[in-house]
Amino acid sequence: MRLQDLSAALSDLESNHRLRRRATLASPQGVDIVVDGRAYLSFASNDYLGLADHPDLVRALQQGAECWGAGSGASHLVTGHSEAHQQAEDALARFVGREAALLFGSGYAANLAVITSLAGRGDAVFADKLNHASLNDGCLLSRADFQRFRHNDLGHLEQLLAGSAARTKLIAVDAVYSMDGDEAPLPDLLALAERYDAWLYVDDAHGFGVLGEGRGAAAEHGLRSERLIYMATLGKAAGLAGAFVAGSRLLVDWLINRARTYIFSTAQPPALAAAVETSLRLIAEGEARRLRLAQLAARCRDRLAGTRFDGGASRTPIQPFIIGSDAHVLERAERLRRQGFWVPAIRPPTVPENGARLRISLSARHEMAQLDGLLDSLLQDAG
């Protein structure tokens, strides 16, 4: 796109209620936030366990910086791989029950790394229709035959797998879908991967720390197969930043040698890696926080039963309120802000056309009365 076209294109986005603007926080991440000088009750963050400003995690990060400095200075394969990184990877692998783990700067980088390292021309990748954009981009960049199956439709996936003659096959799914909060049928997906000699790549960005006693969706189902590749982010329930991929030692060695987003990126600051073990301890000790999340999600389901939003509530911290129209969802979000609630309006292309919604993210630090106040406003507004 030419420079002179940008203004017109942005104006077009605004006229179609698709223009995005950033909100600038003047407070730490948490349930109570300040934006543009005004206090809000936030239902927007993926900090599900409320660890992002936990004193133990802040202290671990400070101590890591004192020991290792501010930056890593180089990629992992040059001089950027510190003892802090190695210890974090070892701890993450133990925590999720895999042989090895590999740190990445983001879940996006991890998804591109795994898919493009394992699949290429002549191979085939199979992706759920509601997968995160980073999974889709990894599939596209791999140059493999990219086939998408209907959301959680195992029959459709099996039909595609059976019809493929590709030597290497890879199935890519979210464990918990970020805009709906529903979950992939991981045991059945792994059974299909076994039957058709395929990799199963699971992005557990929204399940890690929450499901399986905090060890994630794969651990909850007891899945251990070497053909299952597990990815989770550290910037959501874990309260930090970055991501990791866990699997067999052989797989991790391959990624170290072939994953371009790993090889050609400066390693994340070692201070972040030094705080990982503290994060894992807090997750392991966080059963009361997970119980609170379950109670909050159950309250959503109970309050929405019999309303126009019935059926949308999930057992996870992600609760979608589908409005449909882009203009209407922006109006709803603005009305909530006037009442002191910060809830994001999610519009296409993040969600399907006519699927604009308010995405409520629950935190273990929310009080039940706070959630009830939000639900009262939403349901009153719905008529």
# chains A, B, ... in the order shown; residues from 1 in each chain; ligands from 1
>>> residues_around(residues="Leu41 in chain A", least_positions_apart="3", cutoff="6 Å", atoms="only C-alpha atoms", output="list in words")
Val31, Asp32, Phe341 and Trp342 of chain A
>>> write_last_selection(atoms="all heavy atoms", output="PDB file, in the first residue's frame")
ATOM      1  N   VAL A  31      -7.031  -5.886  38.463  1.00  0.00           N
ATOM      2  CA  VAL A  31      -8.484  -5.733  38.400  1.00  0.00           C
ATOM      3  C   VAL A  31      -8.863  -4.262  38.430  1.00  0.00           C
ATOM      4  O   VAL A  31      -9.777  -3.829  37.724  1.00  0.00           O
ATOM      5  CB  VAL A  31      -9.146  -6.513  39.558  1.00  0.00           C
ATOM      6  CG1 VAL A  31     -10.604  -6.114  39.720  1.00  0.00           C
ATOM      7  CG2 VAL A  31      -9.028  -8.017  39.319  1.00  0.00           C
ATOM      8  N   ASP A  32      -8.173  -3.476  39.230  1.00  0.00           N
ATOM      9  CA  ASP A  32      -8.420  -2.028  39.312  1.00  0.00           C
ATOM     10  C   ASP A  32      -7.366  -1.314  38.483  1.00  0.00           C
ATOM     11  O   ASP A  32      -6.172  -1.399  38.796  1.00  0.00           O
ATOM     12  CB  ASP A  32      -8.366  -1.563  40.764  1.00  0.00           C
ATOM     13  CG  ASP A  32      -9.431  -2.228  41.614  1.00  0.00           C
ATOM     14  OD1 ASP A  32     -10.615  -2.076  41.289  1.00  0.00           O
ATOM     15  OD2 ASP A  32      -9.068  -2.918  42.591  1.00  0.00           O
ATOM     16  N   PHE A 341     -16.819   0.099  34.057  1.00  0.00           N
ATOM     17  CA  PHE A 341     -16.333  -1.229  33.683  1.00  0.00           C
ATOM     18  C   PHE A 341     -15.510  -1.138  32.397  1.00  0.00           C
ATOM     19  O   PHE A 341     -15.967  -0.553  31.405  1.00  0.00           O
ATOM     20  CB  PHE A 341     -17.495  -2.195  33.451  1.00  0.00           C
ATOM     21  CG  PHE A 341     -18.367  -2.424  34.653  1.00  0.00           C
ATOM     22  CD1 PHE A 341     -19.643  -1.870  34.721  1.00  0.00           C
ATOM     23  CD2 PHE A 341     -17.907  -3.194  35.709  1.00  0.00           C
ATOM     24  CE1 PHE A 341     -20.454  -2.078  35.823  1.00  0.00           C
ATOM     25  CE2 PHE A 341     -18.715  -3.406  36.829  1.00  0.00           C
ATOM     26  CZ  PHE A 341     -19.989  -2.852  36.885  1.00  0.00           C
ATOM     27  N   TRP A 342     -14.328  -1.739  32.411  1.00  0.00           N
ATOM     28  CA  TRP A 342     -13.501  -1.783  31.204  1.00  0.00           C
ATOM     29  C   TRP A 342     -13.606  -3.186  30.609  1.00  0.00           C
ATOM     30  O   TRP A 342     -13.031  -4.139  31.137  1.00  0.00           O
ATOM     31  CB  TRP A 342     -12.054  -1.421  31.527  1.00  0.00           C
ATOM     32  CG  TRP A 342     -11.253  -1.181  30.281  1.00  0.00           C
ATOM     33  CD1 TRP A 342     -10.652  -2.120  29.491  1.00  0.00           C
ATOM     34  CD2 TRP A 342     -11.008   0.083  29.658  1.00  0.00           C
ATOM     35  NE1 TRP A 342     -10.043  -1.520  28.412  1.00  0.00           N
ATOM     36  CE2 TRP A 342     -10.242  -0.168  28.493  1.00  0.00           C
ATOM     37  CE3 TRP A 342     -11.345   1.390  29.960  1.00  0.00           C
ATOM     38  CZ2 TRP A 342      -9.813   0.853  27.648  1.00  0.00           C
ATOM     39  CZ3 TRP A 342     -10.918   2.394  29.118  1.00  0.00           C
ATOM     40  CH2 TRP A 342     -10.161   2.137  27.972  1.00  0.00           C
TER      41      TRP A 342
END
>>> residues_around(residues="Ala52 in chain A", least_positions_apart="6", cutoff="10 Å", atoms="only C-alpha atoms", output="PyMOL selection string")
chain A and resi 28-30+46+58+235-241+279
>>> write_last_selection(atoms="N, CA and C atoms", output="compact mmCIF listing (two decimals), in the first residue's frame")
# COMPACT_ATOMS: atom_id res chain seq x y z
N PRO A 28 -0.47 -0.41 37.32
CA PRO A 28 -0.05 -1.78 37.03
C PRO A 28 -1.23 -2.61 36.52
N GLN A 29 -0.90 -3.71 35.87
CA GLN A 29 -1.96 -4.62 35.42
C GLN A 29 -2.69 -5.18 36.64
N GLY A 30 -4.00 -5.27 36.55
CA GLY A 30 -4.77 -5.79 37.67
C GLY A 30 -6.26 -5.62 37.44
N ASN A 46 -5.74 -10.89 30.44
CA ASN A 46 -5.55 -12.34 30.47
C ASN A 46 -4.71 -12.77 31.68
N VAL A 58 7.41 -9.83 41.29
CA VAL A 58 8.11 -8.56 41.10
C VAL A 58 9.51 -8.64 41.71
N GLY A 235 2.81 -14.92 29.46
CA GLY A 235 2.32 -13.57 29.67
C GLY A 235 0.86 -13.50 30.07
N LYS A 236 0.24 -14.63 30.32
CA LYS A 236 -1.17 -14.64 30.73
C LYS A 236 -1.25 -15.10 32.17
N ALA A 237 -1.69 -16.32 32.44
CA ALA A 237 -1.83 -16.75 33.83
C ALA A 237 -0.51 -16.77 34.58
N ALA A 238 0.61 -16.94 33.85
CA ALA A 238 1.91 -17.01 34.52
C ALA A 238 2.42 -15.65 34.98
N GLY A 239 1.84 -14.56 34.47
CA GLY A 239 2.15 -13.24 34.98
C GLY A 239 3.43 -12.61 34.47
N LEU A 240 4.10 -13.22 33.49
CA LEU A 240 5.38 -12.70 33.01
C LEU A 240 5.29 -12.29 31.55
N ALA A 241 6.16 -12.83 30.70
CA ALA A 241 6.14 -12.56 29.26
C ALA A 241 6.89 -13.67 28.57
N SER A 279 7.19 -18.01 39.27
CA SER A 279 5.87 -18.08 38.66
C SER A 279 5.30 -19.49 38.76
>>> select_by_dssp(residues="range 98-324 of chain A", states="strand (DSSP E)", output="NGL selection string")
:A and (100-104 or 124-128 or 145-149 or 169-174 or 198-203 or 228-233 or 243-247 or 318-324)
>>> write_last_selection(atoms="N, CA and C atoms", output="short mmCIF file (atom, residue, chain, number, x, y, z; two decimals), in the first residue's frame")
data_model
loop_
_atom_site.label_atom_id
_atom_site.label_comp_id
_atom_site.auth_asym_id
_atom_site.auth_seq_id
_atom_site.Cartn_x
_atom_site.Cartn_y
_atom_site.Cartn_z
N ALA A 100 11.86 -31.92 27.48
CA ALA A 100 12.61 -30.68 27.28
C ALA A 100 11.66 -29.55 26.93
N ALA A 101 12.15 -28.33 27.10
CA ALA A 101 11.37 -27.14 26.74
C ALA A 101 12.30 -26.11 26.14
N LEU A 102 11.71 -25.19 25.37
CA LEU A 102 12.48 -24.15 24.69
C LEU A 102 11.75 -22.83 24.85
N LEU A 103 12.47 -21.79 25.31
CA LEU A 103 11.86 -20.48 25.52
C LEU A 103 11.81 -19.68 24.23
N PHE A 104 10.74 -18.90 24.08
CA PHE A 104 10.57 -17.97 22.97
C PHE A 104 10.14 -16.62 23.52
N ALA A 124 1.45 -31.30 4.76
CA ALA A 124 0.09 -30.80 4.95
C ALA A 124 -0.12 -30.39 6.40
N VAL A 125 -0.80 -29.26 6.59
CA VAL A 125 -1.15 -28.79 7.93
C VAL A 125 -2.67 -28.65 8.00
N PHE A 126 -3.23 -29.04 9.13
CA PHE A 126 -4.68 -29.05 9.32
C PHE A 126 -4.99 -28.21 10.56
N ALA A 127 -5.81 -27.18 10.37
CA ALA A 127 -6.02 -26.20 11.43
C ALA A 127 -7.51 -25.96 11.67
N ASP A 128 -7.88 -25.86 12.93
CA ASP A 128 -9.25 -25.52 13.30
C ASP A 128 -9.61 -24.13 12.77
N ASP A 145 0.55 -27.64 2.32
CA ASP A 145 -0.87 -27.63 1.95
C ASP A 145 -1.67 -27.31 3.22
N PHE A 146 -2.34 -26.16 3.22
CA PHE A 146 -3.02 -25.64 4.41
C PHE A 146 -4.51 -25.93 4.30
N GLN A 147 -5.00 -26.82 5.17
CA GLN A 147 -6.41 -27.20 5.15
C GLN A 147 -7.03 -26.89 6.50
N ARG A 148 -8.20 -26.24 6.48
CA ARG A 148 -8.88 -25.85 7.72
C ARG A 148 -10.14 -26.70 7.89
N PHE A 149 -10.33 -27.18 9.11
CA PHE A 149 -11.52 -28.00 9.39
C PHE A 149 -12.49 -27.22 10.28
N LYS A 169 2.32 -34.73 8.24
CA LYS A 169 1.03 -34.08 8.55
C LYS A 169 1.13 -33.47 9.94
N LEU A 170 0.55 -32.29 10.08
CA LEU A 170 0.55 -31.61 11.38
C LEU A 170 -0.84 -31.03 11.63
N ILE A 171 -1.42 -31.34 12.78
CA ILE A 171 -2.70 -30.79 13.21
C ILE A 171 -2.41 -29.69 14.22
N ALA A 172 -2.96 -28.50 14.02
CA ALA A 172 -2.72 -27.37 14.91
C ALA A 172 -4.04 -26.89 15.51
N VAL A 173 -4.08 -26.77 16.83
CA VAL A 173 -5.30 -26.31 17.50
C VAL A 173 -4.95 -25.45 18.70
N ASP A 174 -5.90 -24.62 19.10
CA ASP A 174 -5.86 -23.99 20.41
C ASP A 174 -6.45 -24.97 21.42
N ALA A 198 0.37 -38.24 12.36
CA ALA A 198 0.49 -36.78 12.29
C ALA A 198 1.01 -36.23 13.61
N TRP A 199 1.63 -35.06 13.54
CA TRP A 199 1.92 -34.30 14.75
C TRP A 199 0.63 -33.65 15.25
N LEU A 200 0.49 -33.50 16.56
CA LEU A 200 -0.57 -32.68 17.13
C LEU A 200 0.10 -31.53 17.88
N TYR A 201 -0.11 -30.32 17.38
CA TYR A 201 0.48 -29.13 17.99
C TYR A 201 -0.60 -28.37 18.74
N VAL A 202 -0.40 -28.20 20.04
CA VAL A 202 -1.41 -27.60 20.92
C VAL A 202 -0.91 -26.27 21.48
N ASP A 203 -1.64 -25.22 21.16
CA ASP A 203 -1.37 -23.88 21.70
C ASP A 203 -2.25 -23.71 22.95
N LEU A 228 2.77 -35.32 20.41
CA LEU A 228 2.08 -34.12 20.89
C LEU A 228 3.12 -33.06 21.23
N ILE A 229 2.99 -31.90 20.64
CA ILE A 229 3.87 -30.76 20.90
C ILE A 229 3.06 -29.72 21.66
N TYR A 230 3.59 -29.28 22.78
CA TYR A 230 2.85 -28.41 23.68
C TYR A 230 3.48 -27.02 23.72
N MET A 231 2.66 -25.99 23.54
CA MET A 231 3.12 -24.60 23.66
C MET A 231 2.23 -23.86 24.64
N ALA A 232 2.85 -23.06 25.49
CA ALA A 232 2.08 -22.19 26.38
C ALA A 232 2.79 -20.86 26.50
N THR A 233 2.02 -19.82 26.74
CA THR A 233 2.60 -18.49 26.92
C THR A 233 2.80 -18.21 28.41
N ALA A 243 7.07 -17.24 25.98
CA ALA A 243 6.37 -18.50 25.76
C ALA A 243 7.39 -19.63 25.79
N PHE A 244 6.87 -20.86 25.79
CA PHE A 244 7.76 -22.01 25.70
C PHE A 244 7.08 -23.12 24.93
N VAL A 245 7.91 -23.93 24.29
CA VAL A 245 7.46 -25.14 23.61
C VAL A 245 8.05 -26.32 24.35
N ALA A 246 7.24 -27.34 24.62
CA ALA A 246 7.71 -28.52 25.34
C ALA A 246 7.40 -29.78 24.55
N GLY A 247 8.33 -30.71 24.60
CA GLY A 247 8.15 -31.98 23.90
C GLY A 247 9.33 -32.88 24.15
N ILE A 318 -12.64 -17.11 30.07
CA ILE A 318 -13.06 -16.33 28.90
C ILE A 318 -14.57 -16.47 28.73
N GLN A 319 -15.28 -15.35 28.80
CA GLN A 319 -16.74 -15.35 28.72
C GLN A 319 -17.17 -14.39 27.60
N PRO A 320 -17.63 -14.92 26.46
CA PRO A 320 -18.02 -14.05 25.34
C PRO A 320 -19.48 -13.63 25.41
N PHE A 321 -19.74 -12.39 25.12
CA PHE A 321 -21.11 -11.87 25.00
C PHE A 321 -21.26 -11.37 23.57
N ILE A 322 -21.81 -12.23 22.73
CA ILE A 322 -21.87 -11.94 21.29
C ILE A 322 -22.99 -10.94 21.01
N ILE A 323 -22.61 -9.83 20.39
CA ILE A 323 -23.55 -8.76 20.07
C ILE A 323 -23.93 -8.80 18.59
N GLY A 324 -22.94 -9.05 17.73
CA GLY A 324 -23.20 -9.14 16.29
C GLY A 324 -22.67 -7.96 15.52
#
>>> atom_distance(atom1="CA of Glu158 in chain A", atom2="CA of Ala193 in chain A")
9.3 Å
>>> closest_residue(among="A:Leu186, A:Leu61, A:Leu161, A:Ala109", to="Ala271 in chain A", atoms="only C-alpha atoms")
A:Leu61
>>> select_by_dssp(residues="range 323-371 of chain A", states="helix (DSSP H, G or I)", output="list in words")
Asp326, Ala327, His328, Val329, Leu330, Glu331, Arg332, Ala333, Glu334, Arg335, Leu336, Arg337, Arg338, Met368, Ala369, Gln370 and Leu371 of chain A
>>> atom_distance(atom1="CA of Asp180 in chain A", atom2="CA of Ala205 in chain A")
13.6 Å
>>> closest_residue(among="A:Gly37, A:Gly163, A:Pro349, A:Gly373", to="His132 in chain A", atoms="only C-alpha atoms")
A:Pro349
>>> residues_around(residues="Val351 in chain A", least_positions_apart="2", cutoff="10 Å", atoms="only C-alpha atoms", output="PDB file with N, CA, C and O atoms, in the first residue's frame")
ATOM      1  N   LEU A 130     -11.215 -21.799  14.020  1.00  0.00           N
ATOM      2  CA  LEU A 130     -11.176 -20.705  14.988  1.00  0.00           C
ATOM      3  C   LEU A 130      -9.797 -20.532  15.617  1.00  0.00           C
ATOM      4  O   LEU A 130      -9.664 -19.851  16.634  1.00  0.00           O
ATOM      5  N   HIS A 132      -6.058 -19.271  16.556  1.00  0.00           N
ATOM      6  CA  HIS A 132      -5.452 -17.952  16.685  1.00  0.00           C
ATOM      7  C   HIS A 132      -4.706 -17.589  15.401  1.00  0.00           C
ATOM      8  O   HIS A 132      -4.189 -18.451  14.690  1.00  0.00           O
ATOM      9  N   SER A 178      -9.507 -18.440  22.278  1.00  0.00           N
ATOM     10  CA  SER A 178      -9.324 -17.170  22.977  1.00  0.00           C
ATOM     11  C   SER A 178     -10.518 -16.241  22.921  1.00  0.00           C
ATOM     12  O   SER A 178     -10.636 -15.341  23.750  1.00  0.00           O
ATOM     13  N   MET A 179     -11.402 -16.414  21.946  1.00  0.00           N
ATOM     14  CA  MET A 179     -12.539 -15.505  21.829  1.00  0.00           C
ATOM     15  C   MET A 179     -13.859 -16.144  22.267  1.00  0.00           C
ATOM     16  O   MET A 179     -14.864 -15.459  22.403  1.00  0.00           O
ATOM     17  N   ASP A 180     -13.863 -17.458  22.470  1.00  0.00           N
ATOM     18  CA  ASP A 180     -15.088 -18.146  22.891  1.00  0.00           C
ATOM     19  C   ASP A 180     -14.941 -18.848  24.231  1.00  0.00           C
ATOM     20  O   ASP A 180     -15.939 -19.123  24.888  1.00  0.00           O
ATOM     21  N   ILE A 346     -14.588  -6.722  20.815  1.00  0.00           N
ATOM     22  CA  ILE A 346     -13.794  -7.495  19.854  1.00  0.00           C
ATOM     23  C   ILE A 346     -14.566  -7.570  18.535  1.00  0.00           C
ATOM     24  O   ILE A 346     -15.723  -7.983  18.510  1.00  0.00           O
ATOM     25  N   ARG A 347     -13.902  -7.155  17.460  1.00  0.00           N
ATOM     26  CA  ARG A 347     -14.553  -7.103  16.148  1.00  0.00           C
ATOM     27  C   ARG A 347     -13.759  -7.898  15.118  1.00  0.00           C
ATOM     28  O   ARG A 347     -12.611  -8.254  15.350  1.00  0.00           O
ATOM     29  N   PRO A 348     -14.389  -8.193  13.972  1.00  0.00           N
ATOM     30  CA  PRO A 348     -13.642  -8.845  12.885  1.00  0.00           C
ATOM     31  C   PRO A 348     -12.447  -7.978  12.495  1.00  0.00           C
ATOM     32  O   PRO A 348     -12.494  -6.750  12.639  1.00  0.00           O
ATOM     33  N   PRO A 349     -11.340  -8.575  12.043  1.00  0.00           N
ATOM     34  CA  PRO A 349     -11.179  -9.987  11.693  1.00  0.00           C
ATOM     35  C   PRO A 349     -10.781 -10.890  12.849  1.00  0.00           C
ATOM     36  O   PRO A 349     -10.542 -12.079  12.640  1.00  0.00           O
ATOM     37  N   GLU A 353     -17.234 -12.496  10.821  1.00  0.00           N
ATOM     38  CA  GLU A 353     -18.184 -11.437  10.464  1.00  0.00           C
ATOM     39  C   GLU A 353     -19.500 -11.645  11.219  1.00  0.00           C
ATOM     40  O   GLU A 353     -19.977 -12.769  11.383  1.00  0.00           O
ATOM     41  N   ASN A 354     -20.066 -10.517  11.693  1.00  0.00           N
ATOM     42  CA  ASN A 354     -21.304 -10.525  12.480  1.00  0.00           C
ATOM     43  C   ASN A 354     -21.140 -11.245  13.813  1.00  0.00           C
ATOM     44  O   ASN A 354     -22.129 -11.620  14.441  1.00  0.00           O
ATOM     45  N   GLY A 355     -19.886 -11.414  14.233  1.00  0.00           N
ATOM     46  CA  GLY A 355     -19.625 -12.062  15.515  1.00  0.00           C
ATOM     47  C   GLY A 355     -18.996 -11.130  16.528  1.00  0.00           C
ATOM     48  O   GLY A 355     -18.386 -11.598  17.497  1.00  0.00           O
ATOM     49  N   ALA A 356     -19.136  -9.814  16.327  1.00  0.00           N
ATOM     50  CA  ALA A 356     -18.566  -8.851  17.279  1.00  0.00           C
ATOM     51  C   ALA A 356     -19.100  -9.129  18.680  1.00  0.00           C
ATOM     52  O   ALA A 356     -20.271  -9.468  18.860  1.00  0.00           O
ATOM     53  N   ARG A 357     -18.230  -8.964  19.666  1.00  0.00           N
ATOM     54  CA  ARG A 357     -18.624  -9.351  21.016  1.00  0.00           C
ATOM     55  C   ARG A 357     -17.911  -8.534  22.086  1.00  0.00           C
ATOM     56  O   ARG A 357     -16.868  -7.918  21.828  1.00  0.00           O
TER      57      ARG A 357
END
>>> residues_around(residues="range 211-218 of chain A", least_positions_apart="4", cutoff="6 Å", atoms="only C-alpha atoms", output="PyMOL selection string")
chain A and resi 96+207+223+283
>>> write_last_selection(atoms="all heavy atoms", output="PDB file, in the first residue's frame")
ATOM      1  N   VAL A  96       5.435 -29.412  33.124  1.00  0.00           N
ATOM      2  CA  VAL A  96       4.405 -29.937  32.218  1.00  0.00           C
ATOM      3  C   VAL A  96       4.659 -31.394  31.856  1.00  0.00           C
ATOM      4  O   VAL A  96       3.959 -31.970  31.019  1.00  0.00           O
ATOM      5  CB  VAL A  96       4.275 -29.075  30.940  1.00  0.00           C
ATOM      6  CG1 VAL A  96       3.842 -27.666  31.297  1.00  0.00           C
ATOM      7  CG2 VAL A  96       5.579 -29.059  30.143  1.00  0.00           C
ATOM      8  N   GLY A 207      -4.938 -21.973  28.655  1.00  0.00           N
ATOM      9  CA  GLY A 207      -5.186 -23.061  29.597  1.00  0.00           C
ATOM     10  C   GLY A 207      -4.085 -23.221  30.618  1.00  0.00           C
ATOM     11  O   GLY A 207      -4.323 -23.659  31.756  1.00  0.00           O
ATOM     12  N   LEU A 223      -2.152 -36.467  28.701  1.00  0.00           N
ATOM     13  CA  LEU A 223      -1.618 -36.768  27.369  1.00  0.00           C
ATOM     14  C   LEU A 223      -0.094 -36.692  27.393  1.00  0.00           C
ATOM     15  O   LEU A 223       0.483 -35.671  27.752  1.00  0.00           O
ATOM     16  CB  LEU A 223      -2.181 -35.779  26.345  1.00  0.00           C
ATOM     17  CG  LEU A 223      -3.712 -35.704  26.277  1.00  0.00           C
ATOM     18  CD1 LEU A 223      -4.154 -34.700  25.221  1.00  0.00           C
ATOM     19  CD2 LEU A 223      -4.319 -37.069  26.006  1.00  0.00           C
ATOM     20  N   ILE A 283       1.895 -20.714  40.597  1.00  0.00           N
ATOM     21  CA  ILE A 283       0.855 -21.465  39.884  1.00  0.00           C
ATOM     22  C   ILE A 283       0.533 -22.748  40.630  1.00  0.00           C
ATOM     23  O   ILE A 283      -0.636 -23.092  40.847  1.00  0.00           O
ATOM     24  CB  ILE A 283       1.303 -21.768  38.444  1.00  0.00           C
ATOM     25  CG1 ILE A 283       1.345 -20.488  37.608  1.00  0.00           C
ATOM     26  CG2 ILE A 283       0.367 -22.785  37.787  1.00  0.00           C
ATOM     27  CD1 ILE A 283       1.964 -20.674  36.234  1.00  0.00           C
TER      28      ILE A 283
END
>>> closest_atom_pairs(of="range 188-293 of chain A", to="range 154-157 of chain A", cutoff="12 Å", atoms="only C-alpha atoms", output="tab-separated table")
residue	atom	partner	partner_atom	distance
A:Asp188	CA	A:Leu154	CA	7.7
A:Leu189	CA	A:Leu154	CA	7.3
A:Leu190	CA	A:Leu154	CA	10.8
A:Ala191	CA	A:Leu154	CA	10.4
A:Leu192	CA	A:Leu154	CA	8.4
A:Ala193	CA	A:Leu157	CA	10.2
A:Tyr196	CA	A:Leu157	CA	10.8
A:Ala198	CA	A:Leu157	CA	11.9
>>> atom_distance(atom1="CA of Glu226 in chain A", atom2="CA of Leu49 in chain A")
29.5 Å
>>> residues_around(residues="Ala133 in chain A", least_positions_apart="3", cutoff="10 Å", atoms="only C-alpha atoms", output="PyMOL selection string")
chain A and resi 108+111+130+136-139+349-350
>>> residues_around(residues="Ser117 in chain A", least_positions_apart="4", cutoff="6 Å", atoms="only C-alpha atoms", output="MDAnalysis selection string")
chainID A and resid 113 258:259
>>> residues_around(residues="Ser82 in chain A", least_positions_apart="2", cutoff="12 Å", atoms="only C-alpha atoms", output="PyMOL selection string")
chain A and resi 64+67-69+71-80+84-89+103+267-274
>>> closest_residue(among="A:Ser325, A:Ser42, A:Asn257, A:Thr316", to="Arg290 in chain A", atoms="only C-alpha atoms")
A:Thr316
>>> closest_residue(among="A:Asp326, A:Glu183, A:Asp153, A:Glu99", to="Leu251 in chain A", atoms="only C-alpha atoms")
A:Glu99
